[in-house]
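*Asks:* Sharing entry.csv (CSV, C-alpha atoms) below.
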chain,number,residue,atom,x,y,z
A,1,MET,CA,-15.5,-21.5,-4.8
A,2,THR,CA,-13.8,-18.1,-4.9
A,3,LYS,CA,-12.3,-16.5,-1.8
A,4,LEU,CA,-13.3,-12.9,-1.4
A,5,VAL,CA,-11.4,-10.7,1.1
A,6,TYR,CA,-12.3,-7.2,2.3
A,7,PHE,CA,-10.3,-4.5,3.9
A,8,ALA,CA,-10.8,-1.2,5.8
A,9,TRP,CA,-14.3,0.3,5.6
A,10,VAL,CA,-15.4,-2.3,3.0
A,11,ARG,CA,-14.7,-5.0,5.6
A,12,GLU,CA,-16.3,-3.0,8.4
A,13,ARG,CA,-19.5,-2.4,6.4
A,14,ILE,CA,-19.9,-6.0,5.3
A,15,GLY,CA,-19.1,-7.2,8.9
A,16,LYS,CA,-16.5,-9.8,7.9
A,17,GLY,CA,-13.0,-10.0,6.5
A,18,GLU,CA,-13.4,-12.8,4.1
A,19,GLU,CA,-15.9,-15.4,2.7
A,20,ASP,CA,-16.0,-18.1,0.1
A,21,LEU,CA,-18.6,-17.7,-2.7
A,22,GLU,CA,-19.8,-19.8,-5.6
A,23,LEU,CA,-19.9,-17.4,-8.5
A,24,ALA,CA,-22.4,-17.9,-11.3
A,25,PRO,CA,-20.8,-18.1,-14.8
A,26,SER,CA,-22.8,-15.0,-15.7
A,27,ILE,CA,-20.4,-13.0,-13.5
A,28,VAL,CA,-17.6,-12.4,-16.0
A,29,THR,CA,-15.8,-9.2,-14.9
A,30,VAL,CA,-14.9,-7.4,-11.7
A,31,GLY,CA,-17.7,-5.0,-12.5
A,32,ASP,CA,-20.2,-7.8,-12.7
A,33,LEU,CA,-19.0,-9.1,-9.3
A,34,LEU,CA,-19.4,-5.6,-7.7
A,35,ALA,CA,-23.0,-5.4,-9.1
A,36,HIS,CA,-23.8,-8.9,-7.9
A,37,LEU,CA,-22.4,-8.2,-4.4
A,38,LYS,CA,-24.2,-4.9,-4.0
A,39,GLN,CA,-27.6,-6.7,-4.1
A,40,ARG,CA,-26.7,-9.3,-1.4
A,41,GLY,CA,-28.1,-7.3,1.5
A,42,ASP,CA,-28.0,-4.0,3.3
A,43,GLU,CA,-24.4,-4.4,4.5
A,44,TYR,CA,-23.2,-5.1,1.0
A,45,GLU,CA,-25.3,-2.2,-0.4
A,46,ALA,CA,-23.5,0.0,2.2
A,47,ALA,CA,-20.1,-1.3,1.2
A,48,PHE,CA,-20.6,-1.0,-2.6
A,49,GLU,CA,-22.9,2.0,-2.8
A,50,TYR,CA,-20.3,3.7,-5.0
A,51,PRO,CA,-18.7,0.7,-6.8
A,52,GLU,CA,-16.5,3.0,-8.9
A,53,VAL,CA,-14.4,3.9,-5.9
A,54,ILE,CA,-13.7,0.3,-5.0
A,55,ARG,CA,-10.2,-1.0,-5.8
A,56,VAL,CA,-9.7,-4.6,-6.7
A,57,ALA,CA,-6.9,-7.2,-6.6
A,58,ILE,CA,-7.1,-10.6,-8.1
A,59,ASP,CA,-4.6,-13.1,-6.6
A,60,GLN,CA,-2.8,-10.1,-5.0
A,61,GLU,CA,-2.3,-8.0,-8.2
A,62,HIS,CA,-4.2,-4.8,-8.9
A,63,VAL,CA,-6.8,-5.1,-11.7
A,64,GLU,CA,-9.3,-2.7,-13.4
A,65,HIS,CA,-13.1,-3.2,-13.2
A,66,ASP,CA,-13.2,-4.6,-16.7
A,67,ALA,CA,-10.8,-7.5,-15.8
A,68,PRO,CA,-12.2,-11.0,-16.1
A,69,ILE,CA,-12.5,-12.9,-12.9
A,70,GLN,CA,-12.4,-16.4,-14.3
A,71,GLY,CA,-9.8,-18.6,-12.6
A,72,ALA,CA,-9.3,-16.2,-9.7
A,73,ARG,CA,-8.6,-17.9,-6.4
A,74,GLU,CA,-8.7,-14.8,-4.3
A,75,ILE,CA,-10.4,-11.5,-5.1
A,76,ALA,CA,-9.8,-8.6,-2.7
A,77,LEU,CA,-12.1,-5.6,-2.6
A,78,PHE,CA,-11.0,-2.4,-0.7
A,79,PRO,CA,-11.1,1.4,-0.6
A,80,PRO,CA,-8.3,3.5,-2.2
A,81,MET,CA,-5.1,2.9,-0.3
A,82,THR,CA,-3.7,5.3,2.2
A,83,GLY,CA,-0.3,3.8,3.1
A,84,GLY,CA,3.1,5.6,3.4
B,1,MET,CA,22.6,-3.3,-11.6
B,2,GLY,CA,20.2,-6.2,-12.3
B,3,SER,CA,21.8,-8.1,-9.5
B,4,VAL,CA,20.6,-5.8,-6.7
B,5,LYS,CA,17.7,-7.2,-4.8
B,6,PRO,CA,15.4,-4.9,-2.7
B,7,LEU,CA,15.0,-5.6,1.0
B,8,VAL,CA,11.2,-5.2,1.7
B,9,ARG,CA,9.9,-5.7,5.2
B,10,ILE,CA,6.3,-5.4,6.5
B,11,GLN,CA,6.3,-5.4,10.3
B,12,GLY,CA,4.5,-4.3,13.5
B,13,GLU,CA,7.6,-3.3,15.4
B,14,ASP,CA,9.6,-0.1,15.0
B,15,PHE,CA,12.8,0.1,12.9
B,16,ASP,CA,16.2,1.8,13.4
B,17,THR,CA,17.1,4.1,10.5
B,18,ALA,CA,20.9,4.2,11.3
B,19,SER,CA,21.2,0.4,11.3
B,20,GLU,CA,19.2,0.1,8.1
B,21,ILE,CA,21.6,2.6,6.4
B,22,ALA,CA,24.6,0.6,7.8
B,23,ARG,CA,23.1,-2.6,6.5
B,24,LEU,CA,23.2,-1.2,2.9
B,25,THR,CA,26.6,0.5,3.2
B,26,GLU,CA,28.8,-1.8,5.3
B,27,ASN,CA,31.9,-3.1,3.5
B,28,ARG,CA,30.7,-1.4,0.2
B,29,ARG,CA,33.1,1.2,-1.3
B,30,GLY,CA,31.2,2.2,-4.4
B,31,ILE,CA,28.4,3.9,-2.7
B,32,GLY,CA,28.6,7.7,-2.7
B,33,ALA,CA,25.1,8.6,-1.8
B,34,VAL,CA,22.4,7.3,0.6
B,35,VAL,CA,19.0,9.0,0.7
B,36,THR,CA,16.5,8.0,3.4
B,37,PHE,CA,12.9,9.0,3.7
B,38,SER,CA,11.1,8.5,7.0
B,39,GLY,CA,7.3,8.8,7.2
B,40,LEU,CA,6.1,9.6,10.7
B,41,CYS,CA,2.6,9.6,12.3
B,42,ARG,CA,1.7,13.2,12.6
B,43,ASP,CA,-1.0,15.0,14.6
B,44,GLU,CA,-1.5,18.6,13.5
B,45,ALA,CA,-4.6,19.2,15.6
B,46,GLY,CA,-3.5,17.6,18.8
B,47,THR,CA,-6.5,15.2,18.8
B,48,LEU,CA,-5.0,12.0,17.5
B,49,ALA,CA,-4.4,9.1,19.9
B,50,ALA,CA,-3.1,6.7,17.3
B,51,LEU,CA,-3.2,5.6,13.7
B,52,GLU,CA,-4.3,2.1,13.1
B,53,ILE,CA,-2.7,0.7,10.0
B,54,GLU,CA,-4.4,-2.2,8.3
B,55,HIS,CA,-2.6,-4.1,5.5
B,56,TYR,CA,-3.2,-7.0,3.1
B,57,PRO,CA,-0.7,-9.6,4.2
B,58,GLY,CA,1.2,-11.1,1.3
B,59,MET,CA,0.1,-8.5,-1.3
B,60,ALA,CA,1.7,-5.7,0.8
B,61,GLU,CA,5.1,-7.4,0.4
B,62,ALA,CA,4.5,-8.3,-3.2
B,63,GLU,CA,3.3,-4.9,-4.3
B,64,ILE,CA,6.1,-3.0,-2.6
B,65,THR,CA,8.6,-5.5,-4.1
B,66,ARG,CA,7.2,-4.8,-7.6
B,67,ILE,CA,7.6,-1.0,-7.1
B,68,ALA,CA,11.1,-1.5,-5.7
B,69,ASP,CA,12.1,-3.7,-8.7
B,70,GLU,CA,10.7,-1.0,-11.0
B,71,ALA,CA,12.9,1.6,-9.2
B,72,LEU,CA,15.9,-0.7,-9.6
B,73,ALA,CA,15.2,-1.0,-13.3
B,74,ARG,CA,15.0,2.8,-13.8
B,75,TRP,CA,17.9,4.0,-11.7
B,76,SER,CA,21.4,2.7,-11.1
B,77,LEU,CA,21.2,1.7,-7.4
B,78,ASP,CA,23.5,-0.2,-5.2
B,79,GLY,CA,20.9,-1.0,-2.6
B,80,LEU,CA,17.3,-0.3,-1.7
B,81,THR,CA,15.4,-1.0,1.5
B,82,VAL,CA,11.7,-0.4,2.2
B,83,ILE,CA,10.1,-1.0,5.6
B,84,HIS,CA,6.4,-0.3,6.3
B,85,ARG,CA,4.8,-0.8,9.7
B,86,TYR,CA,1.2,-1.9,10.5
B,87,GLY,CA,-0.8,-1.9,13.7
B,88,PHE,CA,-1.3,1.0,16.2
B,89,ILE,CA,1.2,3.8,15.7
B,90,LYS,CA,1.2,6.9,18.0
B,91,PRO,CA,2.0,10.5,16.9
B,92,GLY,CA,5.7,10.9,16.4
B,93,GLU,CA,6.4,7.3,15.7
B,94,ASN,CA,7.8,5.8,12.5
B,95,ILE,CA,5.5,4.4,9.8
B,96,VAL,CA,7.6,3.9,6.7
B,97,LEU,CA,11.3,4.0,5.8
B,98,VAL,CA,12.9,4.1,2.3
B,99,VAL,CA,16.7,3.8,2.0
B,100,ALA,CA,18.2,4.2,-1.5
B,101,ALA,CA,22.0,3.8,-2.0
B,102,SER,CA,23.8,4.7,-5.2
B,103,ALA,CA,27.1,5.9,-6.5
B,104,HIS,CA,25.7,9.4,-7.1
B,105,ARG,CA,23.0,11.4,-5.3
B,106,GLN,CA,20.6,12.0,-8.2
B,107,ALA,CA,19.6,8.4,-8.6
B,108,ALA,CA,19.2,7.9,-4.9
B,109,PHE,CA,17.0,11.0,-4.5
B,110,GLU,CA,14.8,10.2,-7.5
B,111,ALA,CA,14.4,6.5,-6.6
B,112,ALA,CA,13.4,7.3,-3.0
B,113,SER,CA,10.8,9.9,-4.2
B,114,PHE,CA,9.5,7.5,-6.9
B,115,LEU,CA,9.1,4.8,-4.4
B,116,MET,CA,7.1,6.9,-2.0
B,117,ASP,CA,4.8,8.2,-4.7
B,118,TYR,CA,4.0,4.7,-6.0
B,119,LEU,CA,3.8,3.2,-2.5
B,120,LYS,CA,1.1,5.7,-1.4
B,121,ASN,CA,-1.1,4.9,-4.4
B,122,ALA,CA,-0.6,1.2,-4.8
B,123,ALA,CA,0.6,-0.5,-1.6
B,124,PRO,CA,-2.4,-2.1,0.2
B,125,PHE,CA,-2.4,-0.2,3.5
B,126,TRP,CA,-5.2,1.7,5.1
B,127,LYS,CA,-5.0,4.2,7.9
B,128,LYS,CA,-7.7,4.7,10.5
B,129,GLN,CA,-7.6,7.6,13.0
B,130,HIS,CA,-8.3,7.0,16.6
B,131,LEU,CA,-9.1,10.2,18.3
B,132,VAL,CA,-8.3,11.1,22.0
B,133,GLY,CA,-11.1,10.3,24.3
B,134,ARG,CA,-13.6,9.7,21.5
B,135,ASP,CA,-14.1,5.9,21.2
B,136,GLY,CA,-16.3,5.0,18.3
B,137,GLU,CA,-15.7,8.2,16.4
B,138,ASN,CA,-12.7,6.7,14.6
B,139,SER,CA,-12.5,7.5,10.9
B,140,TRP,CA,-10.6,6.1,7.9
B,141,VAL,CA,-8.2,8.5,6.2
B,142,GLU,CA,-9.3,9.3,2.7
B,143,ALA,CA,-6.9,9.0,-0.2
B,144,LYS,CA,-5.7,12.3,-1.5
B,145,ALA,CA,-5.9,13.5,-5.2
B,146,THR,CA,-2.5,15.1,-4.8
B,147,ASP,CA,-1.0,11.7,-4.2
B,148,LYS,CA,-2.4,10.5,-7.5
B,149,GLU,CA,-1.1,13.6,-9.3
B,150,ALA,CA,2.3,13.0,-7.9
B,151,LEU,CA,2.6,9.9,-10.1
B,152,ARG,CA,2.3,11.9,-13.3
B,153,ARG,CA,5.8,13.3,-13.2
B,154,TRP,CA,7.2,9.8,-13.3
B,155,GLN,CA,5.0,8.8,-16.2
B,156,LYS,CA,6.0,11.9,-18.3
B,157,LYS,CA,9.7,11.2,-17.9
B,158,THR,CA,11.9,8.8,-19.7
B,159,LYS,CA,10.2,5.5,-20.4
Is it possible to express this structure as structure tokens?
*Replies:*
Amino acid sequence: MTKLVYFAWVRERIGKGEEDLELAPSIVTVGDLLAHLKQRGDEYEAAFEYPEVIRVAIDQEHVEHDAPIQGAREIALFPPMTGG
Amino acid sequence: MGSVKPLVRIQGEDFDTASEIARLTENRRGIGAVVTFSGLCRDEAGTLAALEIEHYPGMAEAEITRIADEALARWSLDGLTVIHRYGFIKPGENIVLVVAASAHRQAAFEAASFLMDYLKNAAPFWKKQHLVGRDGENSWVEAKATDKEALRRWQKKTK
């Protein structure tokens, strides 16, 4: 199982802050994961309509969309950050 | 300066800038410059009730510590403090504080500026605007392209 966590409008559109998912071995990269999530229902479609804007962290470190997800314990998906 | 450790705090409550400066400078005689940056919640249009700041617990501390360590590696600093608040923050209240202490001003100015530019782009915080008397019309603040451009000057410089 992999823990997925969502923040800001990604969290609001999906309707939950986190969930555990069993990811098929065919989901190799972050990009594969975004494409997979997008087809899980209307709320996911709304959250990941423009997957290219989604920022991703694996085990609390930023990664690009071509990063492999194998071995990840926690994958966070969120909009561009607006701190400071 | 490899021995200097940054002080990074992520907290809901407010902070006191003067006591954070004192924490870095007390009983230290080699510090000739302290630069502080305070980021406040602003309301230009007079319509903002509060900003709600969401963060990624754990990663927020880790990411700011990574950025602070990078600043310590690039500039000769005697102390570095970064505090970022989360939760509901009203116009005029503090959001973020950076305190950089060094023997000379140049390093302190540049490190504080570098820290804010990187923090804005990479620290996992998100701001939501709550408007006066308009429940349900709250909106997430969008990331600015100018914030991303601000990183370039640090990438062009000395590696």
*Asks:* Could you tell me how far atom CA of A:Arg11 sits from atom CA of B:Glu13, in Å to one decimal place?
*Replies:*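 One can read the atom CA of B:Glu13 to atom CA of A:Arg11 distance as 24.4 Å.
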*Asks:* Atom CA of B:Leu77 to atom CA of B:Arg23: how many Å, to one decimal?
*Replies:*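 Computing the Euclidean distance for atom CA of B:Leu77 and atom CA of B:Arg23 yields 14.7 Å.
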*Asks:* Give me, as a tab-separated table (two decimals) with C-alpha atoms, keeping the file's coordinate frame, the contact residues of chain A against chain B at a cut-off of 7 Å, counting only C-alpha atoms.
*Replies:*
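For reference, selection19.tsv as written:
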chain	number	residue	atom	x	y	z
A	8	ALA	CA	-10.80	-1.20	5.80
A	60	GLN	CA	-2.80	-10.10	-5.00
A	80	PRO	CA	-8.30	3.50	-2.20
A	81	MET	CA	-5.10	2.90	-0.30
A	82	THR	CA	-3.70	5.30	2.20
A	83	GLY	CA	-0.30	3.80	3.10
A	84	GLY	CA	3.10	5.60	3.40
*Asks:* At what distance in Å, to one decimal, does atom CA of B:Leu131 lie from atom CA of A:Glu49?
*Replies:*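 Straight-line distance from atom CA of A:Glu49 to atom CA of B:Leu131 works out to 26.5 Å.
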*Asks:* Just the residues within 7 Å of A:Val56, please, counting only C-alpha atoms, with nothing from its chain fewer than 5 positions along; format it as a compact mmCIF listing (two decimals) with C-alpha atoms, in the frame of the given file.
*Replies:*
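Saved the output as out-v2.txt:
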# COMPACT_ATOMS: atom_id res chain seq x y z
CA HIS A 62 -4.20 -4.80 -8.90
CA VAL A 63 -6.80 -5.10 -11.70
CA GLU A 64 -9.30 -2.70 -13.40
CA ALA A 76 -9.80 -8.60 -2.70
CA LEU A 77 -12.10 -5.60 -2.60
CA PHE A 78 -11.00 -2.40 -0.70
*Asks:* Counting all atoms listed in the file, which of A:Ala46, A:Ile69, A:Ala57, A:Val10 gets nearest to A:Ser26?
*Replies:* A:Ile69
*Asks:* Nearest to B:Ala103 among B:Ala50, B:Ser76, B:Trp154, B:Thr81, with distances taken over only C-alpha atoms: which residue is it?
*Replies:*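 Closest residue, counting only C-alpha atoms: B:Ser76.
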*Asks:* Hey, what's within 8 Å of A:Ala72 if we count all atoms listed in the file and toss same-chain stuff fewer than 3 positions away? As a list in words, please?
*Replies:*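 Within the cut-off, the hits are Thr2, Ile58, Asp59, Ile69 and Ile75 of chain A.
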*Asks:* Show which residues sit within 9 Å of A:Pro51, as a PyMOL selection string. Count all atoms listed in the file, and ignore same-chain residues fewer than 5 positions away.
*Replies:* chain A and resi 31+34-35+38
